[in-house]
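Undergrad: Have a peek at input.cif (mmCIF, C-alpha atoms).
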```cif
data_input
loop_
_atom_site.group_PDB
_atom_site.id
_atom_site.type_symbol
_atom_site.label_atom_id
_atom_site.label_comp_id
_atom_site.auth_asym_id
_atom_site.auth_seq_id
_atom_site.Cartn_x
_atom_site.Cartn_y
_atom_site.Cartn_z
ATOM 1 C CA MET A 1 31.337 -45.205 6.336
ATOM 2 C CA LYS A 2 28.532 -45.561 8.868
ATOM 3 C CA ALA A 3 27.241 -42.944 11.249
ATOM 4 C CA ARG A 4 24.608 -42.897 13.949
ATOM 5 C CA VAL A 5 22.568 -39.870 14.960
ATOM 6 C CA ILE A 6 20.540 -39.938 18.168
ATOM 7 C CA VAL A 7 17.786 -37.364 18.620
ATOM 8 C CA SER A 8 16.018 -36.897 21.937
ATOM 9 C CA PHE A 9 13.891 -34.299 23.687
ATOM 10 C CA LYS A 10 15.661 -31.504 25.514
ATOM 11 C CA ASP A 11 15.709 -32.001 29.283
ATOM 12 C CA GLU A 12 13.201 -29.222 29.896
ATOM 13 C CA VAL A 13 10.652 -30.628 27.414
ATOM 14 C CA LEU A 14 8.086 -33.044 28.810
ATOM 15 C CA ASP A 15 8.085 -36.408 27.013
ATOM 16 C CA PRO A 16 4.611 -37.936 27.455
ATOM 17 C CA GLN A 17 5.618 -41.159 25.668
ATOM 18 C CA GLY A 18 8.669 -41.682 27.876
ATOM 19 C CA LEU A 19 6.500 -41.041 30.929
ATOM 20 C CA THR A 20 3.970 -43.666 29.810
ATOM 21 C CA ILE A 21 6.739 -46.209 29.244
ATOM 22 C CA LYS A 22 8.120 -45.483 32.719
ATOM 23 C CA ASN A 23 4.666 -45.999 34.257
ATOM 24 C CA ALA A 24 4.260 -49.284 32.380
ATOM 25 C CA LEU A 25 7.655 -50.481 33.634
ATOM 26 C CA HIS A 26 6.636 -49.547 37.184
ATOM 27 C CA SER A 27 3.424 -51.528 36.869
ATOM 28 C CA LEU A 28 5.506 -54.542 35.760
ATOM 29 C CA GLY A 29 7.482 -54.284 38.967
ATOM 30 C CA TYR A 30 10.600 -52.498 37.738
ATOM 31 C CA LYS A 31 10.265 -49.882 40.454
ATOM 32 C CA PHE A 32 13.945 -48.906 40.226
ATOM 33 C CA ILE A 33 13.351 -47.163 36.868
ATOM 34 C CA LYS A 34 13.595 -43.489 37.683
ATOM 35 C CA ASP A 35 12.979 -41.939 34.281
ATOM 36 C CA VAL A 36 12.561 -42.883 30.615
ATOM 37 C CA ARG A 37 13.082 -40.522 27.694
ATOM 38 C CA GLN A 38 12.138 -41.717 24.235
ATOM 39 C CA GLY A 39 14.200 -40.685 21.235
ATOM 40 C CA LYS A 40 15.053 -41.583 17.653
ATOM 41 C CA VAL A 41 18.051 -43.337 16.151
ATOM 42 C CA PHE A 42 19.189 -42.761 12.564
ATOM 43 C CA ASP A 43 21.743 -45.157 11.085
ATOM 44 C CA ILE A 44 23.250 -43.490 8.074
ATOM 45 C CA GLU A 45 25.519 -44.866 5.379
ATOM 46 C CA ILE A 46 27.895 -42.417 3.771
ATOM 47 C CA ASP A 47 29.935 -42.800 0.651
ATOM 48 C CA GLY A 48 32.407 -40.740 -1.343
ATOM 49 C CA ILE A 49 33.443 -38.038 1.131
ATOM 50 C CA SER A 50 36.215 -37.744 3.701
ATOM 51 C CA VAL A 51 35.636 -38.423 7.407
ATOM 52 C CA GLU A 52 36.298 -34.773 8.053
ATOM 53 C CA ASP A 53 33.578 -33.709 5.606
ATOM 54 C CA ALA A 54 31.231 -36.346 6.987
ATOM 55 C CA ARG A 55 31.594 -34.812 10.451
ATOM 56 C CA LYS A 56 30.742 -31.392 9.101
ATOM 57 C CA TYR A 57 27.704 -32.602 7.165
ATOM 58 C CA LEU A 58 26.397 -34.803 9.981
ATOM 59 C CA GLN A 59 26.328 -31.802 12.276
ATOM 60 C CA GLU A 60 24.528 -29.784 9.589
ATOM 61 C CA ILE A 61 21.992 -32.503 8.709
ATOM 62 C CA ALA A 62 21.169 -33.266 12.333
ATOM 63 C CA ASP A 63 20.592 -29.611 13.099
ATOM 64 C CA LYS A 64 18.690 -28.753 9.933
ATOM 65 C CA VAL A 65 16.632 -31.874 9.291
ATOM 66 C CA LEU A 66 16.800 -34.740 11.779
ATOM 67 C CA ALA A 67 16.159 -32.707 14.927
ATOM 68 C CA ASN A 68 13.867 -29.790 15.630
ATOM 69 C CA PRO A 69 16.129 -27.561 17.755
ATOM 70 C CA VAL A 70 13.113 -25.966 19.474
ATOM 71 C CA ILE A 71 12.349 -29.190 21.365
ATOM 72 C CA GLU A 72 15.109 -31.658 20.561
ATOM 73 C CA LYS A 73 18.832 -32.169 21.051
ATOM 74 C CA PHE A 74 21.046 -34.518 19.075
ATOM 75 C CA HIS A 75 24.248 -36.474 19.270
ATOM 76 C CA TRP A 76 26.080 -38.080 16.358
ATOM 77 C CA GLU A 77 29.063 -40.359 15.951
ATOM 78 C CA ILE A 78 30.870 -42.166 13.171
ATOM 79 C CA ILE A 79 30.595 -45.844 14.069
ATOM 80 C CA GLU A 80 32.460 -47.405 11.146
ATOM 81 C CA LYS A 81 35.089 -45.842 8.932
ATOM 82 C CA MET B 1 -10.393 -12.774 -3.533
ATOM 83 C CA LYS B 2 -8.200 -15.535 -4.896
ATOM 84 C CA PHE B 3 -7.258 -18.351 -2.505
ATOM 85 C CA GLY B 4 -4.616 -21.005 -3.110
ATOM 86 C CA VAL B 5 -4.871 -24.312 -1.249
ATOM 87 C CA VAL B 6 -1.553 -26.184 -1.232
ATOM 88 C CA ILE B 7 -1.629 -29.945 -1.788
ATOM 89 C CA PHE B 8 1.144 -32.121 -0.347
ATOM 90 C CA PRO B 9 1.281 -35.898 -0.622
ATOM 91 C CA GLY B 10 -0.834 -36.853 2.404
ATOM 92 C CA SER B 11 -2.953 -33.706 2.612
ATOM 93 C CA ASN B 12 -6.526 -34.787 3.335
ATOM 94 C CA CYS B 13 -8.414 -31.587 4.139
ATOM 95 C CA ASP B 14 -7.474 -29.907 0.852
ATOM 96 C CA TYR B 15 -10.807 -30.620 -0.848
ATOM 97 C CA ASP B 16 -12.861 -29.656 2.228
ATOM 98 C CA THR B 17 -11.046 -26.332 2.395
ATOM 99 C CA TYR B 18 -11.423 -25.778 -1.355
ATOM 100 C CA TYR B 19 -15.132 -26.622 -1.151
ATOM 101 C CA VAL B 20 -15.824 -24.179 1.666
ATOM 102 C CA LEU B 21 -13.960 -21.330 -0.017
ATOM 103 C CA LYS B 22 -15.324 -21.962 -3.506
ATOM 104 C CA GLU B 23 -18.834 -23.325 -2.991
ATOM 105 C CA VAL B 24 -19.879 -22.014 0.417
ATOM 106 C CA LEU B 25 -18.155 -18.615 0.326
ATOM 107 C CA ASN B 26 -18.035 -18.130 -3.479
ATOM 108 C CA GLN B 27 -14.372 -17.203 -3.656
ATOM 109 C CA ASP B 28 -12.035 -17.738 -6.574
ATOM 110 C CA THR B 29 -10.074 -20.762 -5.315
ATOM 111 C CA ILE B 30 -7.353 -22.892 -6.865
ATOM 112 C CA PHE B 31 -5.134 -25.773 -5.793
ATOM 113 C CA LEU B 32 -1.380 -25.299 -5.684
ATOM 114 C CA TRP B 33 0.765 -28.408 -6.161
ATOM 115 C CA HIS B 34 3.662 -28.654 -3.724
ATOM 116 C CA LYS B 35 6.156 -29.352 -6.523
ATOM 117 C CA ASP B 36 5.285 -26.221 -8.501
ATOM 118 C CA HIS B 37 7.146 -22.947 -8.285
ATOM 119 C CA ASP B 38 4.278 -20.616 -9.095
ATOM 120 C CA LEU B 39 1.721 -19.151 -6.705
ATOM 121 C CA LYS B 40 -0.454 -18.205 -9.706
ATOM 122 C CA GLY B 41 -1.330 -14.768 -8.405
ATOM 123 C CA VAL B 42 -3.238 -15.827 -5.301
ATOM 124 C CA ASP B 43 -4.087 -13.283 -2.593
ATOM 125 C CA ALA B 44 -3.953 -15.774 0.262
ATOM 126 C CA ILE B 45 -2.467 -19.208 0.834
ATOM 127 C CA ILE B 46 -3.932 -21.995 2.923
ATOM 128 C CA LEU B 47 -1.846 -24.927 4.103
ATOM 129 C CA PRO B 48 -4.544 -27.522 4.773
ATOM 130 C CA GLY B 49 -4.783 -30.317 7.304
ATOM 131 C CA GLY B 50 -3.679 -33.881 6.774
ATOM 132 C CA PHE B 51 -0.570 -35.958 7.158
ATOM 133 C CA SER B 52 1.918 -34.506 4.721
ATOM 134 C CA TYR B 53 4.581 -37.123 3.951
ATOM 135 C CA GLY B 54 2.878 -39.477 6.395
ATOM 136 C CA ASP B 55 4.109 -37.393 9.350
ATOM 137 C CA TYR B 56 7.484 -39.081 8.806
ATOM 138 C CA LEU B 57 10.360 -37.744 10.926
ATOM 139 C CA ARG B 58 8.131 -35.130 12.606
ATOM 140 C CA THR B 59 4.794 -33.608 11.631
ATOM 141 C CA GLY B 60 5.379 -31.061 8.881
ATOM 142 C CA ALA B 61 9.135 -31.692 8.856
ATOM 143 C CA ILE B 62 9.434 -32.951 5.276
ATOM 144 C CA ALA B 63 6.772 -30.688 3.748
ATOM 145 C CA LYS B 64 8.856 -27.629 4.522
ATOM 146 C CA PHE B 65 11.387 -28.770 1.926
ATOM 147 C CA SER B 66 8.788 -28.937 -0.871
ATOM 148 C CA PRO B 67 9.749 -26.698 -3.814
ATOM 149 C CA LEU B 68 6.626 -24.507 -3.525
ATOM 150 C CA MET B 69 7.414 -23.691 0.107
ATOM 151 C CA ARG B 70 10.224 -21.386 -0.943
ATOM 152 C CA GLU B 71 7.634 -19.241 -2.744
ATOM 153 C CA VAL B 72 5.233 -19.535 0.191
ATOM 154 C CA LYS B 73 7.936 -18.301 2.552
ATOM 155 C CA GLU B 74 8.737 -15.357 0.323
ATOM 156 C CA PHE B 75 5.010 -14.563 -0.004
ATOM 157 C CA ALA B 76 4.666 -14.617 3.789
ATOM 158 C CA LEU B 77 7.739 -12.469 4.382
ATOM 159 C CA LYS B 78 6.336 -9.892 1.950
ATOM 160 C CA GLY B 79 3.158 -9.673 4.044
ATOM 161 C CA GLY B 80 0.868 -12.086 2.140
ATOM 162 C CA LEU B 81 -1.872 -13.820 4.134
ATOM 163 C CA VAL B 82 -0.993 -17.405 5.040
ATOM 164 C CA LEU B 83 -3.237 -19.653 7.122
ATOM 165 C CA GLY B 84 -2.038 -23.046 8.354
ATOM 166 C CA ILE B 85 -4.713 -25.429 9.555
ATOM 167 C CA CYS B 86 -3.681 -28.404 11.732
ATOM 168 C CA ASN B 87 -0.882 -30.053 9.718
ATOM 169 C CA GLY B 88 -0.541 -26.672 7.986
ATOM 170 C CA PHE B 89 0.134 -25.110 11.399
ATOM 171 C CA GLN B 90 2.737 -27.805 12.096
ATOM 172 C CA ILE B 91 4.407 -27.020 8.762
ATOM 173 C CA LEU B 92 4.517 -23.280 9.571
ATOM 174 C CA LEU B 93 6.230 -24.104 12.882
ATOM 175 C CA GLU B 94 8.777 -26.329 11.163
ATOM 176 C CA MET B 95 9.437 -23.611 8.580
ATOM 177 C CA GLY B 96 10.040 -21.063 11.310
ATOM 178 C CA LEU B 97 7.273 -18.777 10.032
ATOM 179 C CA LEU B 98 5.641 -19.240 13.443
ATOM 180 C CA PRO B 99 7.515 -19.814 16.732
ATOM 181 C CA GLY B 100 7.372 -22.954 18.881
ATOM 182 C CA ALA B 101 6.804 -26.655 18.203
ATOM 183 C CA MET B 102 4.199 -29.381 18.644
ATOM 184 C CA LEU B 103 4.497 -32.281 21.053
ATOM 185 C CA ARG B 104 2.304 -35.376 21.172
ATOM 186 C CA ASN B 105 -1.064 -34.810 22.909
ATOM 187 C CA LYS B 106 -0.689 -35.147 26.667
ATOM 188 C CA ASN B 107 -3.015 -38.187 26.835
ATOM 189 C CA LEU B 108 -1.204 -39.836 23.882
ATOM 190 C CA LYS B 109 -4.473 -40.168 21.999
ATOM 191 C CA PHE B 110 -5.548 -38.967 18.590
ATOM 192 C CA LEU B 111 -8.248 -36.413 19.435
ATOM 193 C CA CYS B 112 -11.164 -35.970 17.041
ATOM 194 C CA GLN B 113 -13.903 -33.889 18.641
ATOM 195 C CA PHE B 114 -15.590 -30.503 18.785
ATOM 196 C CA VAL B 115 -13.819 -28.020 21.044
ATOM 197 C CA TYR B 116 -14.550 -24.496 22.168
ATOM 198 C CA LEU B 117 -12.112 -21.716 21.404
ATOM 199 C CA ARG B 118 -11.954 -18.299 22.975
ATOM 200 C CA VAL B 119 -10.877 -15.494 20.668
ATOM 201 C CA GLU B 120 -8.064 -13.699 22.494
ATOM 202 C CA ASN B 121 -7.121 -11.324 19.728
ATOM 203 C CA PRO B 122 -9.803 -10.098 17.300
ATOM 204 C CA ASP B 123 -7.432 -7.548 15.755
ATOM 205 C CA THR B 124 -6.004 -9.907 13.150
ATOM 206 C CA PRO B 125 -6.919 -10.475 9.476
ATOM 207 C CA PHE B 126 -8.091 -13.960 10.511
ATOM 208 C CA THR B 127 -10.370 -13.008 13.410
ATOM 209 C CA LYS B 128 -11.461 -9.443 12.709
ATOM 210 C CA LEU B 129 -15.143 -10.390 12.419
ATOM 211 C CA CYS B 130 -15.048 -11.899 15.929
ATOM 212 C CA LYS B 131 -15.529 -10.072 19.188
ATOM 213 C CA LYS B 132 -12.922 -10.268 21.939
ATOM 214 C CA HIS B 133 -13.528 -13.399 24.020
ATOM 215 C CA GLN B 134 -16.159 -14.664 21.613
ATOM 216 C CA VAL B 135 -16.385 -18.471 21.838
ATOM 217 C CA LEU B 136 -16.147 -20.513 18.615
ATOM 218 C CA LYS B 137 -17.161 -24.157 18.274
ATOM 219 C CA ILE B 138 -14.812 -25.885 15.832
ATOM 220 C CA PRO B 139 -13.521 -29.483 15.752
ATOM 221 C CA ILE B 140 -9.958 -30.707 16.191
ATOM 222 C CA ALA B 141 -8.445 -33.892 14.731
ATOM 223 C CA HIS B 142 -4.805 -34.408 15.620
ATOM 224 C CA PHE B 143 -2.198 -36.474 17.437
ATOM 225 C CA ASP B 144 0.417 -33.768 17.837
ATOM 226 C CA GLY B 145 -1.242 -30.540 18.910
ATOM 227 C CA ASN B 146 0.352 -30.041 22.294
ATOM 228 C CA TYR B 147 1.870 -26.608 21.700
ATOM 229 C CA TYR B 148 5.245 -25.917 23.252
ATOM 230 C CA ALA B 149 7.403 -22.816 23.292
ATOM 231 C CA PRO B 150 10.463 -22.043 25.415
ATOM 232 C CA PRO B 151 9.832 -19.423 28.168
ATOM 233 C CA GLU B 152 11.354 -16.474 26.292
ATOM 234 C CA ILE B 153 9.207 -17.181 23.212
ATOM 235 C CA MET B 154 6.057 -17.588 25.336
ATOM 236 C CA GLU B 155 6.795 -14.254 26.990
ATOM 237 C CA LYS B 156 7.063 -12.634 23.566
ATOM 238 C CA LEU B 157 3.837 -14.240 22.309
ATOM 239 C CA LYS B 158 1.976 -12.822 25.291
ATOM 240 C CA ARG B 159 3.589 -9.412 25.112
ATOM 241 C CA ASN B 160 2.778 -9.004 21.395
ATOM 242 C CA ASN B 161 -0.744 -10.380 21.668
ATOM 243 C CA GLN B 162 0.187 -13.227 19.301
ATOM 244 C CA ILE B 163 -1.995 -15.792 21.060
ATOM 245 C CA VAL B 164 -5.164 -15.648 18.962
ATOM 246 C CA LEU B 165 -7.217 -18.678 20.058
ATOM 247 C CA ARG B 166 -7.232 -20.649 23.318
ATOM 248 C CA TYR B 167 -9.069 -23.837 24.247
ATOM 249 C CA SER B 168 -11.900 -22.938 26.620
ATOM 250 C CA THR B 169 -15.211 -24.156 27.990
ATOM 251 C CA SER B 170 -18.422 -23.356 26.100
ATOM 252 C CA LYS B 171 -18.709 -20.326 28.384
ATOM 253 C CA GLY B 172 -15.241 -19.108 27.508
ATOM 254 C CA GLU B 173 -13.466 -20.129 30.696
ATOM 255 C CA ILE B 174 -9.834 -21.137 30.279
ATOM 256 C CA THR B 175 -9.562 -24.344 32.312
ATOM 257 C CA GLU B 176 -7.279 -27.362 32.532
ATOM 258 C CA GLU B 177 -10.117 -29.697 31.423
ATOM 259 C CA ALA B 178 -10.786 -27.604 28.314
ATOM 260 C CA ASN B 179 -7.118 -27.882 27.364
ATOM 261 C CA VAL B 180 -7.625 -31.266 25.697
ATOM 262 C CA ASN B 181 -4.153 -31.743 24.211
ATOM 263 C CA GLY B 182 -2.079 -30.188 26.994
ATOM 264 C CA SER B 183 -0.932 -27.094 25.091
ATOM 265 C CA MET B 184 0.953 -24.434 26.998
ATOM 266 C CA GLU B 185 -1.417 -21.625 27.979
ATOM 267 C CA ASN B 186 -4.301 -23.525 26.299
ATOM 268 C CA ILE B 187 -2.958 -22.303 22.947
ATOM 269 C CA ALA B 188 -4.991 -23.385 19.890
ATOM 270 C CA GLY B 189 -3.844 -20.717 17.436
ATOM 271 C CA ILE B 190 -1.112 -18.100 17.146
ATOM 272 C CA ILE B 191 -0.099 -15.402 14.705
ATOM 273 C CA ASN B 192 3.326 -14.087 13.694
ATOM 274 C CA GLU B 193 4.610 -10.743 14.895
ATOM 275 C CA LYS B 194 3.810 -9.029 11.616
ATOM 276 C CA GLY B 195 0.208 -10.261 11.771
ATOM 277 C CA ASN B 196 -0.102 -11.972 8.374
ATOM 278 C CA VAL B 197 0.674 -15.639 9.132
ATOM 279 C CA MET B 198 -1.606 -17.628 11.394
ATOM 280 C CA GLY B 199 -1.671 -21.261 12.453
ATOM 281 C CA LEU B 200 -4.419 -23.091 14.304
ATOM 282 C CA MET B 201 -4.970 -26.729 15.212
ATOM 283 C CA PRO B 202 -8.810 -26.730 14.915
ATOM 284 C CA HIS B 203 -10.399 -27.199 11.488
ATOM 285 C CA PRO B 204 -12.554 -24.212 10.461
ATOM 286 C CA GLU B 205 -13.299 -25.927 7.120
ATOM 287 C CA ARG B 206 -15.075 -28.709 9.008
ATOM 288 C CA ALA B 207 -17.362 -26.231 10.742
ATOM 289 C CA SER B 208 -18.534 -23.917 7.989
ATOM 290 C CA GLU B 209 -22.005 -25.303 7.344
ATOM 291 C CA LYS B 210 -24.964 -25.752 9.662
ATOM 292 C CA ILE B 211 -25.425 -29.366 8.613
ATOM 293 C CA LEU B 212 -21.957 -30.136 10.021
ATOM 294 C CA GLY B 213 -22.875 -28.896 13.476
ATOM 295 C CA SER B 214 -21.337 -25.440 13.422
ATOM 296 C CA GLU B 215 -20.735 -22.518 11.088
ATOM 297 C CA ASP B 216 -18.202 -20.839 13.340
ATOM 298 C CA GLY B 217 -15.322 -21.761 11.040
ATOM 299 C CA GLN B 218 -16.662 -19.212 8.574
ATOM 300 C CA TYR B 219 -15.509 -16.444 10.928
ATOM 301 C CA ILE B 220 -11.903 -17.276 10.075
ATOM 302 C CA PHE B 221 -12.345 -17.371 6.279
ATOM 303 C CA LYS B 222 -14.747 -14.418 6.171
ATOM 304 C CA SER B 223 -12.348 -12.348 8.270
ATOM 305 C CA MET B 224 -9.634 -13.032 5.691
ATOM 306 C CA ILE B 225 -11.958 -11.989 2.861
ATOM 307 C CA ASN B 226 -13.055 -8.908 4.764
ATOM 308 C CA SER B 227 -9.500 -7.790 5.519
ATOM 309 C CA TRP B 228 -8.465 -8.309 1.898
ATOM 310 C CA ILE B 229 -11.343 -6.173 0.562
ATOM 311 C CA LYS B 230 -10.402 -3.261 2.860
#
```
Let me see whether you can do it: turn the structure in this file into structure tokens.
TA:
Amino acid sequence: MKARVIVSFKDEVLDPQGLTIKNALHSLGYKFIKDVRQGKVFDIEIDGISVEDARKYLQEIADKVLANPVIEKFHWEIIEK
Amino acid sequence: MKFGVVIFPGSNCDYDTYYVLKEVLNQDTIFLWHKDHDLKGVDAIILPGGFSYGDYLRTGAIAKFSPLMREVKEFALKGGLVLGICNGFQILLEMGLLPGAMLRNKNLKFLCQFVYLRVENPDTPFTKLCKKHQVLKIPIAHFDGNYYAPPEIMEKLKRNNQIVLRYSTSKGEITEEANVNGSMENIAGIINEKGNVMGLMPHPERASEKILGSEDGQYIFKSMINSWIK
């Protein structure tokens, strides 16, 4: 089973790296770029548990380890069963 | 007084901190290995600067799961003195022993320079030998020291006088230019509500001898010693 967890800054948290990327894109002429937010992607392989359990643990792992809930939000999905 | 300096894989200010406590301030000082389970009877714990676990995932994020940190947490919750310097501060935030989080410096640069800090709260075990609004000259060396806290937490920090050190000018003025990393409210160091756990981004161990350009870092360590004796 394969899962993907995406962690990104909460909307209210300033992302200086995303801002710098946006400015670079503007200087290259891509003026239509309104905003860039940088995040992290975790591709995770899971073995030996049910899909139902995997869902439960992914939520737990993302909240406890992969994201810092003070500044980050996360989204996970199972991409291959 | 017996100090314990915790070593994680990637700590790099552990020996500097040990040296200052042991050789400069003549305190009984030992190293504590992050995989141990024993605090060996220390009176205070220092989480030193560095790049524990290579800053992987987030600064301090992996170190909090080290076996010894369970004991450190218990020690802190019982009222033991814990000081987190730089990466140590980041670890305390990740552990939830201090509120808030660190973002990348606003200019996206690693900052390694002397800064001036204004003492906002001298009524702590870490600053009791300072006067209110005294200015300390201590260096910083970090990539992620841009302190962030959600509004309700910031309100609480202010209300409880938990903001201990703020980046200032040499004259003690709190300005935007002095706020080198972009921290909210120019925050350089905070303390927990109980008043026994403090974190700061500047490195007092790098400013505890005249030959290094400043002895102001001694105020932090000597305050701890002084408050333990009393």
Undergrad: Find the nearest atom pair between each residue of chain B and chain A for residues within 8 Å, count all atoms listed in the file, give distances in Å to one decimal, sort rows by chain and ascending number, and present the table as JSON lines.
TA:
```
{"residue": "B:Leu57", "atom": "CA", "partner": "A:Leu66", "partner_atom": "CA", "distance": 7.2}
{"residue": "B:Ala61", "atom": "CA", "partner": "A:Val65", "partner_atom": "CA", "distance": 7.5}
{"residue": "B:Glu94", "atom": "CA", "partner": "A:Asn68", "partner_atom": "CA", "distance": 7.6}
{"residue": "B:Gly100", "atom": "CA", "partner": "A:Val70", "partner_atom": "CA", "distance": 6.5}
{"residue": "B:Ala101", "atom": "CA", "partner": "A:Val70", "partner_atom": "CA", "distance": 6.5}
{"residue": "B:Arg104", "atom": "CA", "partner": "A:Pro16", "partner_atom": "CA", "distance": 7.2}
{"residue": "B:Asn105", "atom": "CA", "partner": "A:Pro16", "partner_atom": "CA", "distance": 7.9}
{"residue": "B:Lys106", "atom": "CA", "partner": "A:Pro16", "partner_atom": "CA", "distance": 6.0}
{"residue": "B:Asn107", "atom": "CA", "partner": "A:Pro16", "partner_atom": "CA", "distance": 7.7}
{"residue": "B:Leu108", "atom": "CA", "partner": "A:Pro16", "partner_atom": "CA", "distance": 7.1}
{"residue": "B:Ala149", "atom": "CA", "partner": "A:Val70", "partner_atom": "CA", "distance": 7.6}
{"residue": "B:Pro150", "atom": "CA", "partner": "A:Val70", "partner_atom": "CA", "distance": 7.6}
```
Undergrad: Could you work out how far atom CA of B:Val20 lies from atom CA of B:Ile211, giving the answer in Å with one decimal?
TA: 12.9 Å
Undergrad: So, with all atoms listed in the file as the atoms that count, which of B:Ala207, B:Phe126, B:Pro9, B:Thr169 lies closest to B:Gly54?
TA: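 Closest candidate: B:Pro9.
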Undergrad: Quick one: which residues end up in the PyMOL selection byres ((chain B and resi 146) around 8) for this structure, as a ChimeraX atom specification?
TA: /B:102-106,144-145,147-148,181-184
Undergrad: Starting from the displayed file, determine the output of the PyMOL selection byres ((chain B and resi 168) around 7) and express the residue list as a VMD selection string.
TA: chain B and resid 116 to 118 166 to 167 169 to 170 172 to 175 178 to 179
Undergrad: Can you translate the PyMOL selection byres ((chain B and resi 198) around 9) into the concrete residues it hits in this file, as a list in words?
TA: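 Against this file, the PyMOL selection byres ((chain B and resi 198) around 9) returns the residues Leu81, Val82, Leu83, Gly84, Ile85, Phe89, Leu92, Leu98, Phe126, Val164, Gly189, Ile190, Ile191, Asn192, Gly195, Asn196, Val197, Gly199 and Leu200 of chain B.
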Undergrad: In Å, rounded to a single decimal, give me how far atom CA of B:Ile220 is from atom CA of B:Pro122.
TA: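 We find that atom CA of B:Pro122 and atom CA of B:Ile220 lie 10.4 Å from each other.
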Undergrad: Between atom CA of B:Pro67 and atom CA of B:Lys35, what is the distance in Å, rounded to a tenth?
TA: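 Interatomic distance here is 5.2 Å.
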Undergrad: For a cut-off of 12 Å around (5.4, -27.1, -9.6), file coordinates, pick out all residues using only C-alpha atoms and list them as an MDAnalysis selection string.
TA: chainID B and resid 6:8 31:40 66:71
Undergrad: Which neighbours of stretch 217-219 of chain B fall inside 10 Å, counting only C-alpha atoms, when residues of the same chain fewer than 2 positions from it are skipped, and could you give them as a VMD selection string?
TA: chain B and resid 20 to 21 24 to 25 126 to 130 136 to 139 202 to 209 214 to 215 221 to 225
